[in-house]
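Here is the file coords-v5.txt (compact mmCIF, N, CA and C atoms).
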# COMPACT_ATOMS: atom_id res chain seq x y z
N MET A 1 0.82 -1.18 0.00
CA MET A 1 0.00 0.00 0.00
C MET A 1 0.87 1.26 0.00
N GLU A 2 1.92 1.24 0.87
CA GLU A 2 2.83 2.39 0.95
C GLU A 2 3.55 2.58 -0.38
N ARG A 3 3.92 1.46 -1.00
CA ARG A 3 4.62 1.52 -2.29
C ARG A 3 3.69 2.10 -3.36
N SER A 4 2.39 1.79 -3.32
CA SER A 4 1.42 2.31 -4.29
C SER A 4 1.28 3.82 -4.15
N ARG A 5 1.25 4.29 -2.92
CA ARG A 5 1.14 5.74 -2.70
C ARG A 5 2.38 6.46 -3.20
N ALA A 6 3.54 5.89 -2.95
CA ALA A 6 4.79 6.49 -3.41
C ALA A 6 4.82 6.54 -4.94
N LEU A 7 4.39 5.45 -5.55
CA LEU A 7 4.35 5.40 -7.01
C LEU A 7 3.35 6.42 -7.56
N ALA A 8 2.18 6.53 -6.95
CA ALA A 8 1.16 7.49 -7.38
C ALA A 8 1.68 8.93 -7.23
N ALA A 9 2.35 9.21 -6.13
CA ALA A 9 2.89 10.56 -5.90
C ALA A 9 3.97 10.87 -6.93
N SER A 10 4.80 9.90 -7.22
CA SER A 10 5.86 10.09 -8.21
C SER A 10 5.28 10.32 -9.60
N LEU A 11 4.25 9.55 -9.94
CA LEU A 11 3.58 9.71 -11.23
C LEU A 11 2.92 11.09 -11.33
N ALA A 12 2.26 11.52 -10.28
CA ALA A 12 1.61 12.83 -10.28
C ALA A 12 2.63 13.94 -10.45
N ALA A 13 3.76 13.84 -9.77
CA ALA A 13 4.81 14.85 -9.90
C ALA A 13 5.36 14.87 -11.31
N SER A 14 5.56 13.70 -11.90
CA SER A 14 6.07 13.62 -13.27
C SER A 14 5.10 14.23 -14.27
N LEU A 15 3.81 13.95 -14.09
CA LEU A 15 2.80 14.52 -14.98
C LEU A 15 2.73 16.03 -14.85
N ALA A 16 2.82 16.55 -13.65
CA ALA A 16 2.80 18.00 -13.43
C ALA A 16 4.00 18.65 -14.10
N PHE A 17 5.18 18.03 -13.96
CA PHE A 17 6.38 18.56 -14.58
C PHE A 17 6.24 18.56 -16.11
N ALA A 18 5.74 17.47 -16.66
CA ALA A 18 5.57 17.36 -18.11
C ALA A 18 4.56 18.38 -18.62
N ALA A 19 3.49 18.60 -17.89
CA ALA A 19 2.48 19.59 -18.31
C ALA A 19 3.07 20.99 -18.32
N ASN A 20 3.86 21.33 -17.30
CA ASN A 20 4.50 22.64 -17.26
C ASN A 20 5.50 22.81 -18.39
N ALA A 21 6.25 21.76 -18.67
CA ALA A 21 7.23 21.82 -19.75
C ALA A 21 6.54 22.02 -21.09
N MET A 22 5.43 21.33 -21.32
CA MET A 22 4.69 21.47 -22.58
C MET A 22 4.10 22.86 -22.68
N ALA A 23 3.57 23.41 -21.60
CA ALA A 23 2.98 24.74 -21.64
C ALA A 23 4.05 25.79 -21.91
N ALA A 24 5.23 25.61 -21.36
CA ALA A 24 6.31 26.58 -21.56
C ALA A 24 6.80 26.59 -23.00
N SER A 25 6.71 25.45 -23.68
CA SER A 25 7.21 25.38 -25.05
C SER A 25 6.10 25.52 -26.09
N ALA A 26 4.87 25.73 -25.66
CA ALA A 26 3.76 25.87 -26.59
C ALA A 26 3.96 27.14 -27.42
N PRO A 27 3.65 27.08 -28.71
CA PRO A 27 3.83 28.26 -29.55
C PRO A 27 2.83 29.36 -29.16
N GLN A 28 3.26 30.59 -29.40
CA GLN A 28 2.38 31.72 -29.12
C GLN A 28 1.18 31.66 -30.06
N THR A 29 0.04 32.09 -29.56
CA THR A 29 -1.13 32.19 -30.42
C THR A 29 -1.00 33.44 -31.27
N ASP A 30 -1.80 33.52 -32.32
CA ASP A 30 -1.80 34.71 -33.16
C ASP A 30 -2.13 35.95 -32.34
N ALA A 31 -3.09 35.81 -31.42
CA ALA A 31 -3.50 36.96 -30.60
C ALA A 31 -2.36 37.43 -29.71
N SER A 32 -1.70 36.52 -29.02
CA SER A 32 -0.63 36.94 -28.12
C SER A 32 0.57 37.47 -28.89
N ARG A 33 0.85 36.92 -30.06
CA ARG A 33 1.94 37.41 -30.89
C ARG A 33 1.67 38.84 -31.35
N LEU A 34 0.46 39.09 -31.85
CA LEU A 34 0.11 40.44 -32.29
C LEU A 34 0.11 41.44 -31.14
N ALA A 35 -0.50 41.04 -30.04
CA ALA A 35 -0.56 41.94 -28.88
C ALA A 35 0.85 42.26 -28.38
N GLY A 36 1.72 41.26 -28.34
CA GLY A 36 3.09 41.49 -27.91
C GLY A 36 3.84 42.44 -28.84
N GLN A 37 3.55 42.33 -30.13
CA GLN A 37 4.21 43.17 -31.13
C GLN A 37 3.82 44.63 -30.98
N TYR A 38 2.58 44.91 -30.53
CA TYR A 38 2.09 46.28 -30.47
C TYR A 38 1.93 46.82 -29.04
N ALA A 39 2.35 46.06 -28.03
CA ALA A 39 2.15 46.47 -26.63
C ALA A 39 2.82 47.80 -26.31
N GLN A 40 4.06 47.97 -26.69
CA GLN A 40 4.75 49.22 -26.36
C GLN A 40 4.10 50.39 -27.09
N TRP A 41 3.79 50.22 -28.36
CA TRP A 41 3.18 51.29 -29.13
C TRP A 41 1.79 51.65 -28.60
N ALA A 42 1.04 50.66 -28.16
CA ALA A 42 -0.34 50.88 -27.71
C ALA A 42 -0.43 51.41 -26.28
N GLY A 43 0.69 51.56 -25.62
CA GLY A 43 0.66 52.08 -24.26
C GLY A 43 0.56 51.02 -23.20
N GLY A 44 0.82 49.77 -23.55
CA GLY A 44 0.81 48.69 -22.57
C GLY A 44 0.15 47.43 -23.10
N GLN A 45 0.41 46.35 -22.40
CA GLN A 45 -0.11 45.04 -22.80
C GLN A 45 -1.63 45.00 -22.78
N SER A 46 -2.26 45.64 -21.77
CA SER A 46 -3.73 45.58 -21.71
C SER A 46 -4.37 46.30 -22.89
N ASN A 47 -3.79 47.40 -23.34
CA ASN A 47 -4.31 48.09 -24.52
C ASN A 47 -4.13 47.24 -25.77
N ALA A 48 -2.94 46.63 -25.90
CA ALA A 48 -2.68 45.78 -27.07
C ALA A 48 -3.64 44.59 -27.09
N ASP A 49 -3.85 43.97 -25.92
CA ASP A 49 -4.80 42.86 -25.84
C ASP A 49 -6.20 43.31 -26.23
N ALA A 50 -6.61 44.50 -25.74
CA ALA A 50 -7.95 45.02 -26.06
C ALA A 50 -8.09 45.30 -27.55
N LEU A 51 -7.05 45.86 -28.16
CA LEU A 51 -7.09 46.14 -29.60
C LEU A 51 -7.22 44.86 -30.41
N VAL A 52 -6.37 43.89 -30.12
CA VAL A 52 -6.39 42.64 -30.89
C VAL A 52 -7.71 41.91 -30.69
N ALA A 53 -8.15 41.79 -29.45
CA ALA A 53 -9.40 41.07 -29.17
C ALA A 53 -10.60 41.79 -29.78
N GLY A 54 -10.68 43.10 -29.62
CA GLY A 54 -11.83 43.85 -30.14
C GLY A 54 -11.89 43.85 -31.65
N LEU A 55 -10.74 44.06 -32.30
CA LEU A 55 -10.72 44.04 -33.76
C LEU A 55 -11.00 42.63 -34.28
N ARG A 56 -10.48 41.63 -33.62
CA ARG A 56 -10.66 40.25 -34.06
C ARG A 56 -12.12 39.80 -33.96
N THR A 57 -12.79 40.21 -32.88
CA THR A 57 -14.16 39.73 -32.64
C THR A 57 -15.23 40.76 -32.99
N GLY A 58 -14.84 41.99 -33.30
CA GLY A 58 -15.82 43.02 -33.61
C GLY A 58 -16.53 43.56 -32.38
N THR A 59 -15.87 43.51 -31.24
CA THR A 59 -16.46 43.96 -29.98
C THR A 59 -15.82 45.28 -29.54
N PRO A 60 -16.46 46.01 -28.63
CA PRO A 60 -15.94 47.33 -28.22
C PRO A 60 -14.50 47.27 -27.70
N VAL A 61 -13.76 48.30 -28.05
CA VAL A 61 -12.37 48.46 -27.63
C VAL A 61 -12.28 49.72 -26.78
N THR A 62 -11.68 49.60 -25.60
CA THR A 62 -11.43 50.76 -24.75
C THR A 62 -9.94 50.82 -24.49
N LEU A 63 -9.36 52.00 -24.69
CA LEU A 63 -7.93 52.22 -24.51
C LEU A 63 -7.71 53.28 -23.44
N VAL A 64 -6.68 53.08 -22.62
CA VAL A 64 -6.30 54.06 -21.61
C VAL A 64 -4.78 54.18 -21.66
N THR A 65 -4.30 55.41 -21.87
CA THR A 65 -2.86 55.65 -21.87
C THR A 65 -2.51 56.75 -20.88
N ASN A 66 -1.28 56.72 -20.42
CA ASN A 66 -0.76 57.74 -19.52
C ASN A 66 0.32 58.52 -20.23
N GLY A 67 0.18 59.85 -20.23
CA GLY A 67 1.17 60.69 -20.87
C GLY A 67 2.36 60.94 -19.97
N ALA A 68 3.43 61.46 -20.58
CA ALA A 68 4.64 61.77 -19.82
C ALA A 68 4.36 62.84 -18.77
N ASP A 69 3.36 63.68 -19.03
CA ASP A 69 3.00 64.74 -18.09
C ASP A 69 1.95 64.29 -17.07
N ARG A 70 1.79 62.98 -16.95
CA ARG A 70 0.84 62.33 -16.04
C ARG A 70 -0.62 62.52 -16.46
N SER A 71 -0.85 62.97 -17.69
CA SER A 71 -2.21 63.07 -18.19
C SER A 71 -2.71 61.67 -18.55
N VAL A 72 -4.02 61.50 -18.51
CA VAL A 72 -4.63 60.22 -18.85
C VAL A 72 -5.49 60.43 -20.09
N SER A 73 -5.36 59.55 -21.04
CA SER A 73 -6.12 59.60 -22.28
C SER A 73 -6.98 58.34 -22.36
N ILE A 74 -8.28 58.53 -22.58
CA ILE A 74 -9.21 57.40 -22.69
C ILE A 74 -9.97 57.54 -24.00
N ALA A 75 -10.06 56.45 -24.74
CA ALA A 75 -10.79 56.44 -26.00
C ALA A 75 -11.36 55.06 -26.23
N GLY A 76 -12.37 54.99 -27.07
CA GLY A 76 -12.97 53.70 -27.40
C GLY A 76 -13.74 53.76 -28.70
N PHE A 77 -13.94 52.59 -29.27
CA PHE A 77 -14.70 52.46 -30.50
C PHE A 77 -15.15 51.01 -30.63
N THR A 78 -16.08 50.79 -31.54
CA THR A 78 -16.53 49.43 -31.84
C THR A 78 -16.38 49.19 -33.33
N PRO A 79 -15.57 48.21 -33.73
CA PRO A 79 -15.43 47.89 -35.16
C PRO A 79 -16.75 47.39 -35.73
N THR A 80 -16.91 47.49 -37.05
CA THR A 80 -18.16 47.06 -37.67
C THR A 80 -18.36 45.56 -37.61
N GLY A 81 -17.29 44.81 -37.50
CA GLY A 81 -17.43 43.36 -37.44
C GLY A 81 -16.09 42.70 -37.19
N PRO A 82 -16.10 41.38 -37.08
CA PRO A 82 -14.87 40.64 -36.83
C PRO A 82 -13.89 40.74 -37.99
N MET A 83 -12.61 40.63 -37.67
CA MET A 83 -11.55 40.67 -38.67
C MET A 83 -10.65 39.44 -38.48
N SER A 84 -10.01 39.02 -39.55
CA SER A 84 -9.03 37.93 -39.45
C SER A 84 -7.79 38.47 -38.73
N TYR A 85 -6.95 37.56 -38.24
CA TYR A 85 -5.72 38.01 -37.59
C TYR A 85 -4.83 38.77 -38.57
N GLY A 86 -4.83 38.36 -39.83
CA GLY A 86 -4.06 39.08 -40.84
C GLY A 86 -4.56 40.51 -41.01
N ALA A 87 -5.88 40.68 -41.05
CA ALA A 87 -6.47 42.02 -41.18
C ALA A 87 -6.20 42.86 -39.93
N VAL A 88 -6.25 42.24 -38.75
CA VAL A 88 -5.94 42.96 -37.51
C VAL A 88 -4.50 43.45 -37.55
N GLY A 89 -3.57 42.57 -37.96
CA GLY A 89 -2.16 42.96 -38.06
C GLY A 89 -1.96 44.09 -39.04
N ASN A 90 -2.63 44.02 -40.20
CA ASN A 90 -2.53 45.09 -41.20
C ASN A 90 -3.08 46.40 -40.67
N ALA A 91 -4.22 46.35 -39.98
CA ALA A 91 -4.84 47.57 -39.45
C ALA A 91 -3.93 48.23 -38.42
N LEU A 92 -3.37 47.43 -37.52
CA LEU A 92 -2.48 47.99 -36.49
C LEU A 92 -1.19 48.53 -37.11
N ASN A 93 -0.66 47.81 -38.09
CA ASN A 93 0.55 48.28 -38.77
C ASN A 93 0.29 49.60 -39.50
N ASN A 94 -0.84 49.68 -40.20
CA ASN A 94 -1.18 50.92 -40.92
C ASN A 94 -1.38 52.08 -39.95
N ALA A 95 -2.03 51.83 -38.82
CA ALA A 95 -2.25 52.88 -37.83
C ALA A 95 -0.91 53.34 -37.25
N GLN A 96 -0.04 52.40 -36.94
CA GLN A 96 1.27 52.74 -36.39
C GLN A 96 2.08 53.56 -37.40
N ARG A 97 2.07 53.16 -38.65
CA ARG A 97 2.80 53.88 -39.70
C ARG A 97 2.22 55.27 -39.92
N SER A 98 0.89 55.38 -39.89
CA SER A 98 0.24 56.67 -40.07
C SER A 98 0.68 57.65 -38.98
N LEU A 99 0.69 57.18 -37.74
CA LEU A 99 1.12 58.05 -36.64
C LEU A 99 2.61 58.34 -36.70
N SER A 100 3.39 57.37 -37.09
CA SER A 100 4.84 57.56 -37.21
C SER A 100 5.17 58.63 -38.23
N ARG A 101 4.43 58.67 -39.34
CA ARG A 101 4.64 59.71 -40.35
C ARG A 101 4.38 61.11 -39.80
N LEU A 102 3.55 61.18 -38.75
CA LEU A 102 3.27 62.47 -38.11
C LEU A 102 4.23 62.74 -36.95
N GLY A 103 5.21 61.85 -36.77
CA GLY A 103 6.18 62.03 -35.70
C GLY A 103 5.70 61.53 -34.35
N ILE A 104 4.65 60.71 -34.34
CA ILE A 104 4.08 60.20 -33.09
C ILE A 104 4.47 58.73 -32.94
N THR A 105 5.35 58.45 -31.97
CA THR A 105 5.79 57.07 -31.74
C THR A 105 5.20 56.48 -30.46
N HIS A 106 4.77 57.32 -29.54
CA HIS A 106 4.12 56.87 -28.30
C HIS A 106 2.77 57.58 -28.22
N PRO A 107 1.78 57.08 -28.98
CA PRO A 107 0.50 57.79 -29.11
C PRO A 107 -0.38 57.69 -27.86
N SER A 108 -1.26 58.67 -27.76
CA SER A 108 -2.30 58.64 -26.73
C SER A 108 -3.42 57.73 -27.21
N ALA A 109 -4.34 57.41 -26.31
CA ALA A 109 -5.49 56.57 -26.68
C ALA A 109 -6.28 57.22 -27.81
N GLU A 110 -6.48 58.55 -27.73
CA GLU A 110 -7.23 59.25 -28.77
C GLU A 110 -6.52 59.19 -30.12
N GLN A 111 -5.19 59.29 -30.11
CA GLN A 111 -4.44 59.22 -31.36
C GLN A 111 -4.52 57.82 -31.97
N ILE A 112 -4.46 56.79 -31.14
CA ILE A 112 -4.60 55.42 -31.65
C ILE A 112 -5.99 55.24 -32.24
N GLN A 113 -7.00 55.72 -31.53
CA GLN A 113 -8.38 55.62 -32.01
C GLN A 113 -8.52 56.30 -33.37
N ALA A 114 -8.02 57.52 -33.49
CA ALA A 114 -8.14 58.26 -34.75
C ALA A 114 -7.39 57.55 -35.87
N ALA A 115 -6.21 57.01 -35.57
CA ALA A 115 -5.45 56.31 -36.60
C ALA A 115 -6.16 55.04 -37.07
N LEU A 116 -6.98 54.46 -36.19
CA LEU A 116 -7.70 53.25 -36.57
C LEU A 116 -9.04 53.54 -37.24
N ILE A 117 -9.82 54.46 -36.70
CA ILE A 117 -11.17 54.66 -37.26
C ILE A 117 -11.35 56.01 -37.94
N GLY A 118 -10.33 56.85 -37.92
CA GLY A 118 -10.40 58.15 -38.57
C GLY A 118 -10.71 59.23 -37.57
N GLY A 119 -10.31 60.42 -37.90
CA GLY A 119 -10.53 61.56 -37.02
C GLY A 119 -9.43 62.57 -37.19
N GLU A 120 -9.26 63.40 -36.20
CA GLU A 120 -8.22 64.43 -36.24
C GLU A 120 -7.19 64.16 -35.16
N ILE A 121 -5.93 64.41 -35.52
CA ILE A 121 -4.84 64.17 -34.59
C ILE A 121 -4.07 65.47 -34.41
N ALA A 122 -3.87 65.86 -33.16
CA ALA A 122 -3.04 67.01 -32.84
C ALA A 122 -1.59 66.55 -32.78
N THR A 123 -0.73 67.22 -33.54
CA THR A 123 0.69 66.86 -33.56
C THR A 123 1.44 67.67 -32.50
N ALA A 124 2.70 67.32 -32.31
CA ALA A 124 3.54 68.01 -31.33
C ALA A 124 3.71 69.48 -31.68
N SER A 125 3.64 69.83 -32.96
CA SER A 125 3.80 71.22 -33.38
C SER A 125 2.53 72.03 -33.15
N GLY A 126 1.45 71.36 -32.76
CA GLY A 126 0.20 72.05 -32.49
C GLY A 126 -0.79 72.04 -33.64
N SER A 127 -0.37 71.54 -34.79
CA SER A 127 -1.30 71.49 -35.92
C SER A 127 -2.25 70.30 -35.75
N VAL A 128 -3.41 70.42 -36.37
CA VAL A 128 -4.41 69.34 -36.33
C VAL A 128 -4.49 68.74 -37.73
N VAL A 129 -4.28 67.43 -37.80
CA VAL A 129 -4.21 66.73 -39.07
C VAL A 129 -5.34 65.71 -39.15
N PRO A 130 -6.16 65.75 -40.22
CA PRO A 130 -7.18 64.71 -40.37
C PRO A 130 -6.54 63.42 -40.87
N VAL A 131 -6.98 62.29 -40.33
CA VAL A 131 -6.52 60.98 -40.79
C VAL A 131 -7.72 60.14 -41.16
N LYS A 132 -7.53 59.29 -42.17
CA LYS A 132 -8.63 58.49 -42.69
C LYS A 132 -8.98 57.31 -41.79
N GLY A 133 -8.00 56.67 -41.19
CA GLY A 133 -8.25 55.48 -40.38
C GLY A 133 -8.07 54.22 -41.19
N SER A 134 -7.79 53.12 -40.50
CA SER A 134 -7.51 51.87 -41.20
C SER A 134 -8.58 50.80 -41.02
N VAL A 135 -9.60 51.07 -40.19
CA VAL A 135 -10.72 50.13 -40.04
C VAL A 135 -12.02 50.92 -39.98
N ALA A 136 -13.10 50.24 -40.28
CA ALA A 136 -14.41 50.87 -40.18
C ALA A 136 -14.94 50.71 -38.76
N ALA A 137 -15.61 51.73 -38.28
CA ALA A 137 -16.23 51.67 -36.95
C ALA A 137 -17.73 51.54 -37.10
N ARG A 138 -18.36 50.85 -36.15
CA ARG A 138 -19.80 50.68 -36.18
C ARG A 138 -20.46 52.05 -36.19
N GLY A 139 -21.48 52.19 -37.01
CA GLY A 139 -22.19 53.45 -37.12
C GLY A 139 -21.74 54.25 -38.33
N GLY A 140 -20.72 53.77 -39.05
CA GLY A 140 -20.22 54.46 -40.22
C GLY A 140 -20.19 53.53 -41.41
N THR A 141 -19.96 54.09 -42.59
CA THR A 141 -19.92 53.27 -43.79
C THR A 141 -18.50 52.94 -44.20
N GLY A 142 -17.54 53.52 -43.54
CA GLY A 142 -16.13 53.25 -43.86
C GLY A 142 -15.28 53.65 -42.70
N PRO A 143 -13.98 53.78 -42.96
CA PRO A 143 -13.08 54.16 -41.88
C PRO A 143 -13.26 55.63 -41.49
N VAL A 144 -14.29 55.91 -40.75
CA VAL A 144 -14.54 57.28 -40.29
C VAL A 144 -14.71 57.26 -38.77
N ALA A 145 -14.58 58.42 -38.18
CA ALA A 145 -14.68 58.51 -36.71
C ALA A 145 -16.09 58.19 -36.24
N SER A 146 -16.17 57.42 -35.20
CA SER A 146 -17.44 57.09 -34.57
C SER A 146 -17.16 56.78 -33.12
N ARG A 147 -17.39 57.73 -32.25
CA ARG A 147 -17.00 57.57 -30.86
C ARG A 147 -18.17 57.30 -29.99
Kindly present the structure from the file in structure tokens form.
Amino acid sequence: MERSRALAASLAASLAFAANAMAASAPQTDASRLAGQYAQWAGGQSNADALVAGLRTGTPVTLVTNGADRSVSIAGFTPTGPMSYGAVGNALNNAQRSLSRLGITHPSAEQIQAALIGGEIATASGSVVPVKGSVAARGGTGPVASR
């Protein structure tokens, strides 16, 4: 009986170790890969996760960023529908490039929103620039602002 318990405990420990080893070597999902790629640009992992999940499933996205001056920026939108992971990656890449062309590498939530669904972006020089957006938002017929 004692030998059976020892064997069962040893087996349980081996299975737990094997499960942890398999989980550690499991490939990243498309969602986690995309979110990881855009986490710094989006103002953090939670924003990147919200962007990828919301664009992928067509559900509301809420973003919160903190500025260097301790200001808080909050923005949100709802895409018109679900997108493939490829389309999500393209939309985020286009938004990032659009803001980069304006000299914005660490955007606020409002700037990310405008780059994705369209709107106006205030640049560091103080000018206001209209952007088309890279995805359609619910309530519009194309990539236009809908807050």
| task | Dump as a ChimeraX atom specification all residues having an atom at most 10 Å from (-2.7, 55.8, -27.8), computed in the file's coordinates with only C-alpha atoms. | result | /A:41-44,47,63-67,73-75,96,99,104-115
Output N, CA and C atoms for every residue in that selection, as a compact mmCIF listing (two decimals), in the frame of the given file.
# COMPACT_ATOMS: atom_id res chain seq x y z
N TRP A 41 3.79 50.22 -28.36
CA TRP A 41 3.18 51.29 -29.13
C TRP A 41 1.79 51.65 -28.60
N ALA A 42 1.04 50.66 -28.16
CA ALA A 42 -0.34 50.88 -27.71
C ALA A 42 -0.43 51.41 -26.28
N GLY A 43 0.69 51.56 -25.62
CA GLY A 43 0.66 52.08 -24.26
C GLY A 43 0.56 51.02 -23.20
N GLY A 44 0.82 49.77 -23.55
CA GLY A 44 0.81 48.69 -22.57
C GLY A 44 0.15 47.43 -23.10
N ASN A 47 -3.79 47.40 -23.34
CA ASN A 47 -4.31 48.09 -24.52
C ASN A 47 -4.13 47.24 -25.77
N LEU A 63 -9.36 52.00 -24.69
CA LEU A 63 -7.93 52.22 -24.51
C LEU A 63 -7.71 53.28 -23.44
N VAL A 64 -6.68 53.08 -22.62
CA VAL A 64 -6.30 54.06 -21.61
C VAL A 64 -4.78 54.18 -21.66
N THR A 65 -4.30 55.41 -21.87
CA THR A 65 -2.86 55.65 -21.87
C THR A 65 -2.51 56.75 -20.88
N ASN A 66 -1.28 56.72 -20.42
CA ASN A 66 -0.76 57.74 -19.52
C ASN A 66 0.32 58.52 -20.23
N GLY A 67 0.18 59.85 -20.23
CA GLY A 67 1.17 60.69 -20.87
C GLY A 67 2.36 60.94 -19.97
N SER A 73 -5.36 59.55 -21.04
CA SER A 73 -6.12 59.60 -22.28
C SER A 73 -6.98 58.34 -22.36
N ILE A 74 -8.28 58.53 -22.58
CA ILE A 74 -9.21 57.40 -22.69
C ILE A 74 -9.97 57.54 -24.00
N ALA A 75 -10.06 56.45 -24.74
CA ALA A 75 -10.79 56.44 -26.00
C ALA A 75 -11.36 55.06 -26.23
N GLN A 96 -0.04 52.40 -36.94
CA GLN A 96 1.27 52.74 -36.39
C GLN A 96 2.08 53.56 -37.40
N LEU A 99 0.69 57.18 -37.74
CA LEU A 99 1.12 58.05 -36.64
C LEU A 99 2.61 58.34 -36.70
N ILE A 104 4.65 60.71 -34.34
CA ILE A 104 4.08 60.20 -33.09
C ILE A 104 4.47 58.73 -32.94
N THR A 105 5.35 58.45 -31.97
CA THR A 105 5.79 57.07 -31.74
C THR A 105 5.20 56.48 -30.46
N HIS A 106 4.77 57.32 -29.54
CA HIS A 106 4.12 56.87 -28.30
C HIS A 106 2.77 57.58 -28.22
N PRO A 107 1.78 57.08 -28.98
CA PRO A 107 0.50 57.79 -29.11
C PRO A 107 -0.38 57.69 -27.86
N SER A 108 -1.26 58.67 -27.76
CA SER A 108 -2.30 58.64 -26.73
C SER A 108 -3.42 57.73 -27.21
N ALA A 109 -4.34 57.41 -26.31
CA ALA A 109 -5.49 56.57 -26.68
C ALA A 109 -6.28 57.22 -27.81
N GLU A 110 -6.48 58.55 -27.73
CA GLU A 110 -7.23 59.25 -28.77
C GLU A 110 -6.52 59.19 -30.12
N GLN A 111 -5.19 59.29 -30.11
CA GLN A 111 -4.44 59.22 -31.36
C GLN A 111 -4.52 57.82 -31.97
N ILE A 112 -4.46 56.79 -31.14
CA ILE A 112 -4.60 55.42 -31.65
C ILE A 112 -5.99 55.24 -32.24
N GLN A 113 -7.00 55.72 -31.53
CA GLN A 113 -8.38 55.62 -32.01
C GLN A 113 -8.52 56.30 -33.37
N ALA A 114 -8.02 57.52 -33.49
CA ALA A 114 -8.14 58.26 -34.75
C ALA A 114 -7.39 57.55 -35.87
N ALA A 115 -6.21 57.01 -35.57
CA ALA A 115 -5.45 56.31 -36.60
C ALA A 115 -6.16 55.04 -37.07
| field | Selected residue of minimal separation from Val88 (chain A) among A:Arg56, A:Pro130, A:Arg33, A:Gln45, counting only N, CA and C atoms | value | A:Arg56
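Picture a line from CA of Asp49 (chain A) to CA of Thr123 (chain A); it runs 25.8 Å.
Using only N, CA and C atoms, the contacts of Thr80 (chain A) at a cut-off of 5 Å, with sequence neighbours closer than 2 positions omitted, comprise Thr78, Pro82, Ala136, Ala137 and Arg138 of chain A.
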| message | Between atom N of Met83 (chain A) and CA of Thr57 (chain A), what is the distance in Å, rounded to a tenth? | response |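 If I compute the distance from atom N of Met83 (chain A) to CA of Thr57 (chain A), I get 5.3 Å.
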| task | Extract the full set of strand (DSSP E or B) residues from region 77-127 of chain A according to DSSP on the backbone, and format it as a VMD selection string. | result | chain A and resid 77 79 119 to 122
| message | To one decimal place in Å, what is the distance between atom C of Ala91 (chain A) and atom C of Ala48 (chain A)? | response |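 Between these atoms lies a distance of 11.9 Å.
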| request: Can you work out which one of A:Leu55, A:Val129, A:Ala68, A:Ala50 has the shortest atom-to-atom distance to Ala87 (chain A), counting only N, CA and C atoms? | output: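 Between A:Leu55, A:Val129, A:Ala68, A:Ala50, the residue approaching Ala87 (chain A) most closely is A:Leu55.
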| message | Which residue is closest to Tyr85 (chain A)? Choose from A:Leu116, A:Ile121, A:Ala53, A:Val135 and count only C-alpha atoms. | response |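 For Tyr85 (chain A), the nearest of the candidates is A:Ala53.
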| request: Could you give me the residues within region 10-102 of chain A that DSSP places in alpha helix (DSSP H), as a VMD selection string? | output: chain A and resid 10 to 25 30 to 42 45 to 57 85 to 101
